[in-house]
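Structure file protein09.tsv with TSV, C-alpha atoms:
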```tsv
chain	number	residue	atom	x	y	z
A	1	MET	CA	17.68	-28.00	0.38
A	2	LYS	CA	16.26	-24.58	1.23
A	3	ILE	CA	14.69	-22.42	-1.45
A	4	ARG	CA	16.70	-19.20	-1.79
A	5	VAL	CA	14.30	-16.23	-2.15
A	6	VAL	CA	15.09	-12.57	-2.78
A	7	HIS	CA	12.46	-9.91	-2.13
A	8	LEU	CA	13.33	-6.74	-4.03
A	9	ILE	CA	11.65	-3.37	-3.49
A	10	THR	CA	12.76	0.09	-4.59
A	11	LYS	CA	12.75	1.79	-1.18
A	12	LEU	CA	11.24	1.11	2.22
A	13	GLU	CA	8.93	4.11	2.23
A	14	PHE	CA	5.96	4.19	4.59
A	15	GLY	CA	3.35	2.18	2.73
A	16	GLY	CA	1.46	-1.10	2.56
A	17	ALA	CA	3.73	-2.72	-0.04
A	18	GLN	CA	6.81	-1.91	2.01
A	19	GLN	CA	5.32	-2.96	5.35
A	20	ASN	CA	4.09	-6.25	3.93
A	21	THR	CA	7.43	-6.96	2.27
A	22	LEU	CA	9.17	-6.51	5.61
A	23	TYR	CA	6.63	-8.76	7.31
A	24	THR	CA	6.99	-11.44	4.63
A	25	VAL	CA	10.80	-11.68	4.78
A	26	GLY	CA	10.59	-11.76	8.56
A	27	HIS	CA	8.02	-14.58	8.65
A	28	LEU	CA	8.92	-16.94	5.80
A	29	ASP	CA	9.70	-20.34	7.31
A	30	PRO	CA	13.49	-20.34	7.96
A	31	GLU	CA	13.51	-24.15	7.85
A	32	ARG	CA	12.36	-24.08	4.22
A	33	PHE	CA	13.64	-20.76	2.87
A	34	GLU	CA	16.89	-18.84	2.75
A	35	VAL	CA	15.58	-15.28	2.80
A	36	HIS	CA	17.16	-12.15	1.30
A	37	LEU	CA	15.88	-8.56	1.21
A	38	ALA	CA	17.27	-6.09	-1.34
A	39	CYS	CA	16.29	-2.41	-1.51
A	40	GLY	CA	17.56	1.11	-1.97
A	41	PRO	CA	18.54	3.03	1.20
A	42	GLY	CA	17.23	6.27	2.67
A	43	ALA	CA	13.56	5.72	3.51
A	44	TYR	CA	11.36	5.90	6.60
A	45	LEU	CA	11.17	2.16	7.29
A	46	ASP	CA	14.91	1.48	6.97
A	47	SER	CA	15.24	1.24	10.74
A	48	GLN	CA	12.85	-1.72	10.80
A	49	VAL	CA	15.40	-3.79	8.91
A	50	MET	CA	17.38	-3.94	12.15
A	51	GLU	CA	14.39	-5.64	13.79
A	52	LEU	CA	14.24	-8.49	11.25
A	53	PRO	CA	15.28	-11.99	12.37
A	54	ARG	CA	19.00	-12.65	12.11
A	55	HIS	CA	18.57	-15.22	9.34
A	56	VAL	CA	17.25	-12.54	6.91
A	57	GLN	CA	20.13	-11.23	4.80
A	58	THR	CA	19.79	-7.61	3.65
A	59	GLN	CA	21.48	-6.00	0.65
A	60	TRP	CA	21.35	-2.20	0.36
A	61	LEU	CA	21.48	-1.17	-3.31
A	62	ARG	CA	23.00	2.30	-3.40
A	63	PHE	CA	22.04	3.04	-7.01
A	64	LEU	CA	18.39	1.94	-6.76
A	65	LYS	CA	16.30	5.10	-6.48
A	66	ARG	CA	12.58	5.86	-6.82
A	67	GLU	CA	12.96	8.73	-9.31
A	68	VAL	CA	13.49	7.97	-13.02
A	69	ARG	CA	17.12	8.89	-13.69
A	70	PRO	CA	18.61	7.08	-16.74
A	71	TRP	CA	22.21	7.12	-15.50
A	72	TRP	CA	21.31	6.01	-11.96
A	73	ASP	CA	18.89	3.43	-13.36
A	74	PHE	CA	21.64	1.97	-15.55
A	75	LEU	CA	23.98	1.74	-12.56
A	76	GLY	CA	21.16	0.25	-10.48
A	77	PHE	CA	20.56	-2.39	-13.14
A	78	ILE	CA	24.26	-3.34	-13.23
A	79	GLU	CA	24.39	-3.45	-9.44
A	80	LEU	CA	21.34	-5.72	-9.35
A	81	TYR	CA	22.71	-8.02	-12.05
A	82	PHE	CA	25.99	-8.68	-10.25
A	83	TYR	CA	24.20	-9.07	-6.90
A	84	LEU	CA	21.90	-11.74	-8.34
A	85	LYS	CA	24.76	-13.49	-10.16
A	86	ARG	CA	26.61	-13.68	-6.86
A	87	ILE	CA	23.89	-15.11	-4.63
A	88	LYS	CA	22.12	-17.22	-7.32
A	89	PRO	CA	18.56	-17.18	-5.94
A	90	ASP	CA	15.94	-19.77	-6.88
A	91	VAL	CA	13.23	-17.10	-6.74
A	92	ILE	CA	13.17	-13.32	-7.04
A	93	HIS	CA	9.97	-11.62	-5.89
A	94	THR	CA	9.84	-7.94	-6.92
A	95	HIS	CA	7.63	-5.14	-5.64
A	96	SER	CA	7.04	-1.56	-6.88
A	97	SER	CA	7.36	-0.33	-10.45
A	98	LYS	CA	11.06	0.63	-10.60
A	99	ALA	CA	12.35	-2.48	-8.83
A	100	GLY	CA	9.85	-4.54	-10.77
A	101	ILE	CA	11.24	-3.51	-14.15
A	102	LEU	CA	14.97	-3.33	-13.38
A	103	GLY	CA	14.86	-6.34	-11.09
A	104	ARG	CA	13.08	-8.66	-13.50
A	105	TRP	CA	15.39	-7.88	-16.41
A	106	ALA	CA	18.48	-8.19	-14.22
A	107	ALA	CA	17.15	-11.53	-12.90
A	108	TRP	CA	16.41	-12.80	-16.40
A	109	LEU	CA	19.94	-11.97	-17.60
A	110	ALA	CA	21.42	-13.45	-14.42
A	111	GLY	CA	19.58	-16.72	-15.02
A	112	VAL	CA	17.24	-16.65	-12.00
A	113	PRO	CA	14.84	-19.58	-12.63
A	114	VAL	CA	11.67	-18.11	-11.09
A	115	ILE	CA	10.73	-14.44	-11.47
A	116	ILE	CA	7.65	-13.19	-9.58
A	117	HIS	CA	6.33	-9.66	-9.62
A	118	CYS	CA	3.67	-8.36	-7.23
A	119	VAL	CA	1.48	-5.61	-8.65
A	120	HIS	CA	0.48	-3.30	-5.78
A	121	GLY	CA	-0.90	-0.92	-8.41
A	122	PHE	CA	0.54	-0.14	-11.84
A	123	GLY	CA	2.86	2.79	-12.55
A	124	PHE	CA	0.54	3.76	-15.41
A	125	HIS	CA	-3.08	4.84	-15.00
A	126	ASP	CA	-5.98	6.63	-16.66
A	127	PHE	CA	-5.02	10.04	-15.25
A	128	GLN	CA	-1.78	10.16	-17.28
A	129	ASN	CA	-1.04	11.61	-20.66
A	130	PRO	CA	-2.12	8.85	-23.11
A	131	ALA	CA	1.33	8.73	-24.74
A	132	VAL	CA	3.05	8.32	-21.37
A	133	ARG	CA	0.51	5.75	-20.26
A	134	GLY	CA	0.93	3.78	-23.46
A	135	ALA	CA	4.73	3.79	-23.18
A	136	LEU	CA	4.68	2.60	-19.56
A	137	ALA	CA	2.10	-0.09	-20.36
A	138	TRP	CA	4.33	-1.32	-23.20
A	139	ILE	CA	7.29	-1.59	-20.84
A	140	GLU	CA	5.16	-3.61	-18.41
A	141	ARG	CA	3.91	-5.80	-21.27
A	142	ILE	CA	7.33	-6.78	-22.59
A	143	THR	CA	8.69	-7.25	-19.05
A	144	ALA	CA	5.80	-9.59	-18.23
A	145	ARG	CA	7.05	-11.88	-21.01
A	146	ILE	CA	10.16	-12.73	-18.98
A	147	THR	CA	8.13	-13.10	-15.77
A	148	THR	CA	7.14	-16.47	-14.38
A	149	GLN	CA	4.20	-15.27	-12.29
A	150	LEU	CA	2.29	-12.03	-11.76
A	151	VAL	CA	0.66	-11.64	-8.35
A	152	TYR	CA	-1.97	-8.94	-7.81
A	153	VAL	CA	-3.40	-7.55	-4.59
A	154	SER	CA	-6.80	-6.90	-6.20
A	155	GLN	CA	-8.97	-8.42	-8.90
A	156	THR	CA	-9.47	-4.94	-10.36
A	157	ASN	CA	-5.74	-4.54	-11.00
A	158	LEU	CA	-5.63	-8.04	-12.49
A	159	GLN	CA	-8.38	-7.09	-14.91
A	160	TYR	CA	-6.65	-3.81	-15.74
A	161	GLY	CA	-3.46	-5.71	-16.54
A	162	ALA	CA	-5.40	-8.09	-18.79
A	163	LYS	CA	-6.95	-5.11	-20.56
A	164	TRP	CA	-3.43	-3.93	-21.46
A	165	ARG	CA	-2.42	-7.49	-22.49
A	166	ILE	CA	0.08	-7.83	-19.64
A	167	ALA	CA	0.59	-11.56	-19.15
A	168	ALA	CA	3.36	-13.70	-17.66
A	169	GLU	CA	4.23	-17.36	-18.24
A	170	LYS	CA	1.73	-18.57	-15.60
A	171	PRO	CA	-1.86	-17.32	-15.24
A	172	ALA	CA	-2.09	-14.29	-12.96
A	173	MET	CA	-3.32	-14.75	-9.41
A	174	VAL	CA	-4.51	-12.63	-6.47
A	175	ILE	CA	-2.89	-12.71	-3.02
A	176	ARG	CA	-4.40	-10.02	-0.82
A	177	SER	CA	-2.17	-7.48	0.87
A	178	GLY	CA	-2.54	-8.66	4.44
A	179	VAL	CA	-3.01	-6.93	7.77
A	180	ASP	CA	-2.62	-8.24	11.30
A	181	LEU	CA	-6.25	-9.10	11.98
A	182	ALA	CA	-5.57	-10.47	15.47
A	183	ALA	CA	-3.79	-7.28	16.56
A	184	LEU	CA	-6.55	-5.08	15.14
A	185	ASP	CA	-9.23	-7.10	16.91
A	186	LYS	CA	-7.50	-6.50	20.26
A	187	LEU	CA	-7.88	-2.72	19.98
A	188	GLY	CA	-10.77	-1.79	22.20
A	189	GLU	CA	-12.37	1.09	24.07
A	190	ASN	CA	-9.33	1.70	26.28
A	191	GLU	CA	-7.02	2.23	23.29
A	192	TRP	CA	-9.67	4.44	21.69
A	193	LEU	CA	-9.86	6.74	24.71
A	194	GLN	CA	-6.11	6.72	25.30
A	195	LYS	CA	-5.30	7.73	21.73
A	196	ARG	CA	-7.88	10.53	21.82
A	197	ARG	CA	-6.42	11.87	25.07
A	198	GLU	CA	-2.93	11.74	23.57
A	199	LEU	CA	-4.10	13.73	20.54
A	200	GLY	CA	-6.08	16.23	22.62
A	201	ILE	CA	-9.45	15.12	21.27
A	202	ALA	CA	-12.57	14.90	23.41
A	203	PRO	CA	-14.55	11.61	23.46
A	204	THR	CA	-17.58	13.36	21.99
A	205	GLU	CA	-15.72	15.07	19.13
A	206	MET	CA	-16.20	13.83	15.54
A	207	VAL	CA	-12.94	12.65	13.95
A	208	ILE	CA	-12.17	11.97	10.29
A	209	ALA	CA	-8.80	10.33	9.60
A	210	THR	CA	-6.74	9.54	6.53
A	211	VAL	CA	-3.40	7.85	5.90
A	212	GLY	CA	-1.16	8.52	2.93
A	213	ASN	CA	1.77	10.36	1.48
A	214	LEU	CA	1.69	13.72	-0.27
A	215	LYS	CA	2.12	12.34	-3.79
A	216	PRO	CA	-0.40	13.28	-6.52
A	217	GLN	CA	-1.68	9.69	-6.47
A	218	LYS	CA	-2.99	10.16	-2.92
A	219	ASN	CA	-4.53	13.51	-3.82
A	220	PRO	CA	-4.12	15.09	-0.35
A	221	GLY	CA	-5.56	18.41	-1.49
A	222	HIS	CA	-9.06	16.96	-1.52
A	223	PHE	CA	-8.78	15.86	2.12
A	224	ILE	CA	-7.62	19.36	3.08
A	225	ARG	CA	-10.44	20.88	1.05
A	226	LEU	CA	-12.93	18.64	2.85
A	227	ALA	CA	-11.66	19.90	6.20
A	228	GLN	CA	-11.98	23.47	4.92
A	229	ILE	CA	-15.65	22.96	4.00
A	230	CYS	CA	-16.45	21.63	7.46
A	231	TRP	CA	-14.62	24.56	9.04
A	232	GLU	CA	-16.49	27.11	6.92
A	233	GLN	CA	-19.85	25.45	7.66
A	234	LYS	CA	-18.99	25.36	11.39
A	235	ILE	CA	-19.34	21.58	11.52
A	236	GLN	CA	-17.60	20.36	14.68
A	237	ALA	CA	-15.17	17.78	13.33
A	238	ARG	CA	-11.44	17.16	13.62
A	239	PHE	CA	-9.45	15.97	10.61
A	240	LEU	CA	-6.31	13.87	11.20
A	241	PHE	CA	-3.73	13.45	8.44
A	242	VAL	CA	-1.26	10.61	9.01
A	243	GLY	CA	1.55	10.54	6.46
A	244	GLY	CA	3.81	12.98	4.72
A	245	TRP	CA	6.58	13.40	2.22
A	246	GLU	CA	9.95	11.66	2.32
A	247	GLY	CA	12.51	14.26	1.41
A	248	ASP	CA	12.27	18.03	1.05
A	249	LYS	CA	9.98	19.48	3.75
A	250	ALA	CA	9.14	22.37	1.42
A	251	ARG	CA	6.57	20.14	-0.30
A	252	GLU	CA	4.79	19.52	2.99
A	253	GLN	CA	4.77	23.23	3.74
A	254	GLN	CA	3.43	24.07	0.27
A	255	ILE	CA	0.56	21.58	0.45
A	256	LEU	CA	-0.38	22.31	4.05
A	257	LYS	CA	0.07	26.09	4.08
A	258	ASN	CA	-3.66	26.73	3.59
A	259	ALA	CA	-4.88	23.93	5.85
A	260	PRO	CA	-7.76	25.02	8.12
A	261	PRO	CA	-7.48	25.00	11.95
A	262	ASN	CA	-9.56	21.81	12.26
A	263	LEU	CA	-6.91	19.75	10.43
A	264	LYS	CA	-4.12	18.19	12.49
A	265	TYR	CA	-1.09	17.03	10.50
A	266	LEU	CA	0.54	14.13	12.36
A	267	GLY	CA	3.29	13.12	9.94
A	268	TRP	CA	4.50	9.54	9.70
A	269	ARG	CA	3.32	7.41	12.62
A	270	GLN	CA	3.85	3.80	13.66
A	271	ASP	CA	0.49	3.87	15.49
A	272	ALA	CA	-1.61	4.62	12.39
A	273	ALA	CA	-4.06	1.80	13.14
A	274	LYS	CA	-4.77	3.20	16.62
A	275	ILE	CA	-5.36	6.64	15.15
A	276	ILE	CA	-7.79	5.17	12.62
A	277	LYS	CA	-9.54	3.38	15.49
A	278	ALA	CA	-9.87	6.71	17.32
A	279	GLY	CA	-11.84	8.13	14.40
A	280	ASN	CA	-15.50	8.03	13.41
A	281	LEU	CA	-14.83	7.99	9.67
A	282	PHE	CA	-11.92	7.09	7.42
A	283	VAL	CA	-11.57	9.00	4.15
A	284	LEU	CA	-9.32	8.13	1.19
A	285	THR	CA	-8.92	10.61	-1.65
A	286	SER	CA	-6.55	8.48	-3.76
A	287	LEU	CA	-7.14	8.65	-7.49
A	288	TRP	CA	-5.59	5.25	-8.21
A	289	GLU	CA	-4.61	2.41	-5.88
A	290	GLY	CA	-3.82	-1.29	-5.71
A	291	LEU	CA	-5.71	-2.05	-2.54
A	292	PRO	CA	-4.71	0.32	0.28
A	293	ARG	CA	-3.80	-1.41	3.54
A	294	SER	CA	-5.18	1.49	5.60
A	295	ALA	CA	-8.69	1.03	4.19
A	296	VAL	CA	-8.61	-2.68	5.04
A	297	GLU	CA	-7.51	-1.82	8.59
A	298	ALA	CA	-10.22	0.83	8.96
A	299	LEU	CA	-12.99	-1.56	7.96
A	300	ARG	CA	-11.73	-4.33	10.25
A	301	LEU	CA	-11.69	-1.77	13.07
A	302	GLY	CA	-15.34	-0.97	12.38
A	303	VAL	CA	-14.71	2.49	10.93
A	304	PRO	CA	-16.81	3.30	7.82
A	305	VAL	CA	-14.76	4.31	4.78
A	306	VAL	CA	-15.59	7.01	2.25
A	307	ALA	CA	-13.35	6.95	-0.80
A	308	TYR	CA	-13.09	7.40	-4.52
A	309	ALA	CA	-13.96	4.23	-6.44
A	310	SER	CA	-10.33	3.48	-7.25
A	311	ASP	CA	-9.16	0.01	-8.25
A	312	GLY	CA	-9.24	-2.45	-5.32
A	313	LEU	CA	-11.37	-0.19	-3.12
A	314	ASN	CA	-14.35	-1.32	-5.21
A	315	GLU	CA	-13.78	-4.84	-3.85
A	316	ILE	CA	-13.95	-4.03	-0.15
A	317	ILE	CA	-16.35	-1.06	0.12
A	318	GLU	CA	-20.01	-1.91	-0.34
A	319	ASP	CA	-21.62	1.40	-1.19
A	320	GLY	CA	-24.14	2.32	1.48
A	321	LYS	CA	-23.32	-0.68	3.71
A	322	ASN	CA	-19.83	-0.27	5.16
A	323	GLY	CA	-19.05	3.10	3.58
A	324	PHE	CA	-19.52	5.08	0.42
A	325	LEU	CA	-17.77	5.24	-2.94
A	326	ALA	CA	-17.67	8.36	-5.09
A	327	PRO	CA	-16.65	8.53	-8.77
A	328	GLN	CA	-12.90	9.02	-9.14
A	329	GLY	CA	-11.98	12.64	-8.61
A	330	ASN	CA	-15.60	13.79	-8.06
A	331	PHE	CA	-15.04	15.91	-4.97
A	332	GLU	CA	-18.64	17.09	-4.73
A	333	ALA	CA	-19.92	13.50	-4.52
A	334	LEU	CA	-17.25	12.56	-1.96
A	335	SER	CA	-17.91	15.57	0.26
A	336	GLN	CA	-21.68	15.02	0.17
A	337	GLN	CA	-21.28	11.47	1.48
A	338	VAL	CA	-18.89	12.56	4.23
A	339	LEU	CA	-21.27	15.32	5.36
A	340	ARG	CA	-24.15	12.87	5.23
A	341	LEU	CA	-22.37	10.50	7.59
A	342	LEU	CA	-21.23	13.26	9.91
A	343	LYS	CA	-24.85	14.29	10.38
A	344	SER	CA	-26.21	10.75	10.84
A	345	PRO	CA	-25.02	8.85	13.95
A	346	ALA	CA	-27.55	6.08	13.25
A	347	MET	CA	-26.11	5.48	9.79
A	348	ARG	CA	-22.55	5.42	11.12
A	349	ASP	CA	-23.51	2.93	13.81
A	350	SER	CA	-25.25	0.65	11.32
A	351	MET	CA	-22.13	0.62	9.15
A	352	THR	CA	-19.78	-0.34	11.98
A	353	LEU	CA	-20.75	-4.02	12.18
A	354	ALA	CA	-20.91	-4.34	8.40
A	355	ALA	CA	-17.42	-2.84	8.16
A	356	ARG	CA	-15.93	-5.40	10.57
A	357	ARG	CA	-17.61	-8.30	8.77
A	358	SER	CA	-16.41	-7.18	5.34
A	359	ILE	CA	-12.76	-8.05	6.07
A	360	GLY	CA	-12.33	-11.81	6.38
A	361	PRO	CA	-9.46	-14.34	6.67
A	362	GLU	CA	-8.24	-13.76	3.10
A	363	PHE	CA	-6.80	-10.45	4.37
A	364	ASP	CA	-4.89	-12.01	7.27
A	365	ILE	CA	-1.21	-11.18	6.96
A	366	ASN	CA	-0.09	-14.66	7.99
A	367	ASN	CA	-2.35	-16.18	5.36
A	368	MET	CA	-0.61	-13.89	2.85
A	369	VAL	CA	2.81	-15.27	3.86
A	370	ARG	CA	1.66	-18.92	3.74
A	371	ARG	CA	0.22	-18.45	0.25
A	372	GLN	CA	3.50	-16.95	-0.93
A	373	GLU	CA	5.39	-19.89	0.55
A	374	GLU	CA	3.16	-22.32	-1.32
A	375	LEU	CA	3.65	-20.37	-4.55
A	376	TYR	CA	7.44	-20.56	-4.19
A	377	ARG	CA	7.23	-24.29	-3.55
A	378	GLN	CA	5.05	-24.92	-6.60
A	379	LEU	CA	7.19	-22.82	-8.95
A	380	THR	CA	10.50	-24.33	-7.84
A	381	VAL	CA	9.48	-27.98	-8.20
A	382	ARG	CA	11.06	-28.01	-11.67
A	383	VAL	CA	14.17	-26.03	-10.59
```
As structure tokens, please, write out the structure in this file.
Amino acid sequence: MKIRVVHLITKLEFGGAQQNTLYTVGHLDPERFEVHLACGPGAYLDSQVMELPRHVQTQWLRFLKREVRPWWDFLGFIELYFYLKRIKPDVIHTHSSKAGILGRWAAWLAGVPVIIHCVHGFGFHDFQNPAVRGALAWIERITARITTQLVYVSQTNLQYGAKWRIAAEKPAMVIRSGVDLAALDKLGENEWLQKRRELGIAPTEMVIATVGNLKPQKNPGHFIRLAQICWEQKIQARFLFVGGWEGDKAREQQILKNAPPNLKYLGWRQDAAKIIKAGNLFVLTSLWEGLPRSAVEALRLGVPVVAYASDGLNEIIEDGKNGFLAPQGNFEALSQQVLRLLKSPAMRDSMTLAARRSIGPEFDINNMVRRQEELYRQLTVRV
């Protein structure tokens, strides 16, 4: 008999957690698993649901929204409960903070035997008001008590969860957020030149890229400020911002209104990996992260990464070897390392090989799916 699995995520926004969830439901073995995807509607990646294999069953949850809204959250919880009671899954695998809380409690009340939650980064962090952080950590702690298994994308997040005494029935484990290593390895000089021509960038021009949304977590203002410094110092470099804001365009306009001429805002793009490949450096200004997919892709593509030392980034960036890490939020330290690399072609070249070698098979996206399959098998033996 097939194992019935539901993957639940709040919304299919443009991000690593969402992209990997879509890949997982599309690549779980259909001979062994009956696969369901449940999520709230109205996000950038919704159209990709149409591209999933026909055996994947999708449920759009109209009351499941990203924002905290007590009335909508209550309706979302009820909607989830009746959905789970109806399909009776063997396993529910939740992603993102909102779906992770509502989904696990709804699954527990509905009698779902195995409840898994993947932590792509906690909803609480050290930059929050201590009272708010404490309250959110408490919610995660009591919800973990009804959870069969917690899966983390980084050891740093696992340790942070342990620090806050967040523990499920089974010992926590790490399954890396995967990327398509084979596809990345195929990107060569031709794609590099083609993407630069498409973006109007000369082969000799220095390019610094980033990928992210315009939420405070991603801290886009520091990337814009970095571009401004290079512009003022007449350093010949182009800054490419891939990402944006899902919803009101006024937020984009507000954040980007003072952007310097050397910054090109590209919005959401399906070819983000090719744009990263077209760059000389990849910069991440996130203040907290799980383990960002874009940084993994950049390193595998041989592009040095400069970032704040946030969570899982500490596990893939070897300071001075394949990139540089700056203390969280320390813009002066970050900008100094970027300028240092811009002025040192020899250093950039030496980091390229080290960057490629730093991302091994544990980050392969198919390995990620196979490890999830094995986890489902192990946890449902007693079901």
**Prompt:** In Å, how far is it from atom CA of A:Lys218 to atom CA of A:Ile175?
**Reply:**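 Computing it gives 22.9 Å between the two atoms.
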**Message:** Given the point (4.9, 8.5, 2.4) in the file's coordinates, find the residues that have an atom at most 8 Å from it, counting all atoms listed in the file, and give them as an MDAnalysis selection string.
**Reply:** chainID A and resid 13:15 212:215 243:246 268
**Request:** List the neighbours of A:Glu315 out to 9 Å using all atoms listed in the file; skip same-chain residues closer than 4 positions along the sequence, and give me the result as a PyMOL selection string.
**Result:** chain A and resi 154-156+291+311
Kindly assemble as CSV a list of the stretch 13-36 of chain A residues that lie within 8 Å of stretch 353-376 of chain A, each paired with its nearest atom pair and their distance in Å to one decimal, using only C-alpha atoms, sorted first by chain and then by ascending residue number.
```
residue,atom,partner,partner_atom,distance
A:Asn20,CA,A:Ile365,CA,7.8
A:Thr24,CA,A:Val369,CA,5.7
A:His27,CA,A:Val369,CA,7.1
A:Leu28,CA,A:Val369,CA,6.6
```
Please dump the current selection as a compact mmCIF listing (two decimals), in the coordinates of the input; keep C-alpha atoms.
```
# COMPACT_ATOMS: atom_id res chain seq x y z
CA ASN A 20 4.09 -6.25 3.93
CA THR A 24 6.99 -11.44 4.63
CA HIS A 27 8.02 -14.58 8.65
CA LEU A 28 8.92 -16.94 5.80
```
**Request:** Would you kindly return, as a list in words, each protein, DNA or RNA residue with an atom no farther than 8 Å from any atom of A:Val211, considering only C-alpha atoms and excluding same-chain residues fewer than 4 positions away?
**Result:**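 Non-adjacent residues within range: Phe241, Val242, Gly243, Ala272, Leu284 and Ser294 of chain A.
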Using all atoms listed in the file, which residues of stretch 255-330 of chain A come within 12 Å of stretch 39-54 of chain A, and what is the closest atom pair for each, with the distance in Å to one decimal? Give it as CSV, sorted by chain and residue number.
```
residue,atom,partner,partner_atom,distance
A:Gly267,CA,A:Tyr44,CA,11.3
A:Trp268,CA,A:Tyr44,CA,8.4
A:Arg269,CA,A:Tyr44,CA,10.2
A:Gln270,CA,A:Leu45,CA,9.8
```
**Local residues around (-13.5, 15.6, -6.6), at most 10 Å away, using only C-alpha atoms, as a ChimeraX atom specification** = /A:219,221-223,225-226,285,287,308,326-335
**Request:** Could you please determine the separation between atom CA of A:Thr204 and atom CA of A:Ala183 in Å, to one decimal place?
**Result:**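 It comes out at 25.4 Å.
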**Message:** Which residue is closest to A:Pro345? Choose from A:Leu150, A:Leu136, A:Val381, A:Met206 and count only C-alpha atoms.
**Reply:**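 Closest residue, counting only C-alpha atoms: A:Met206.
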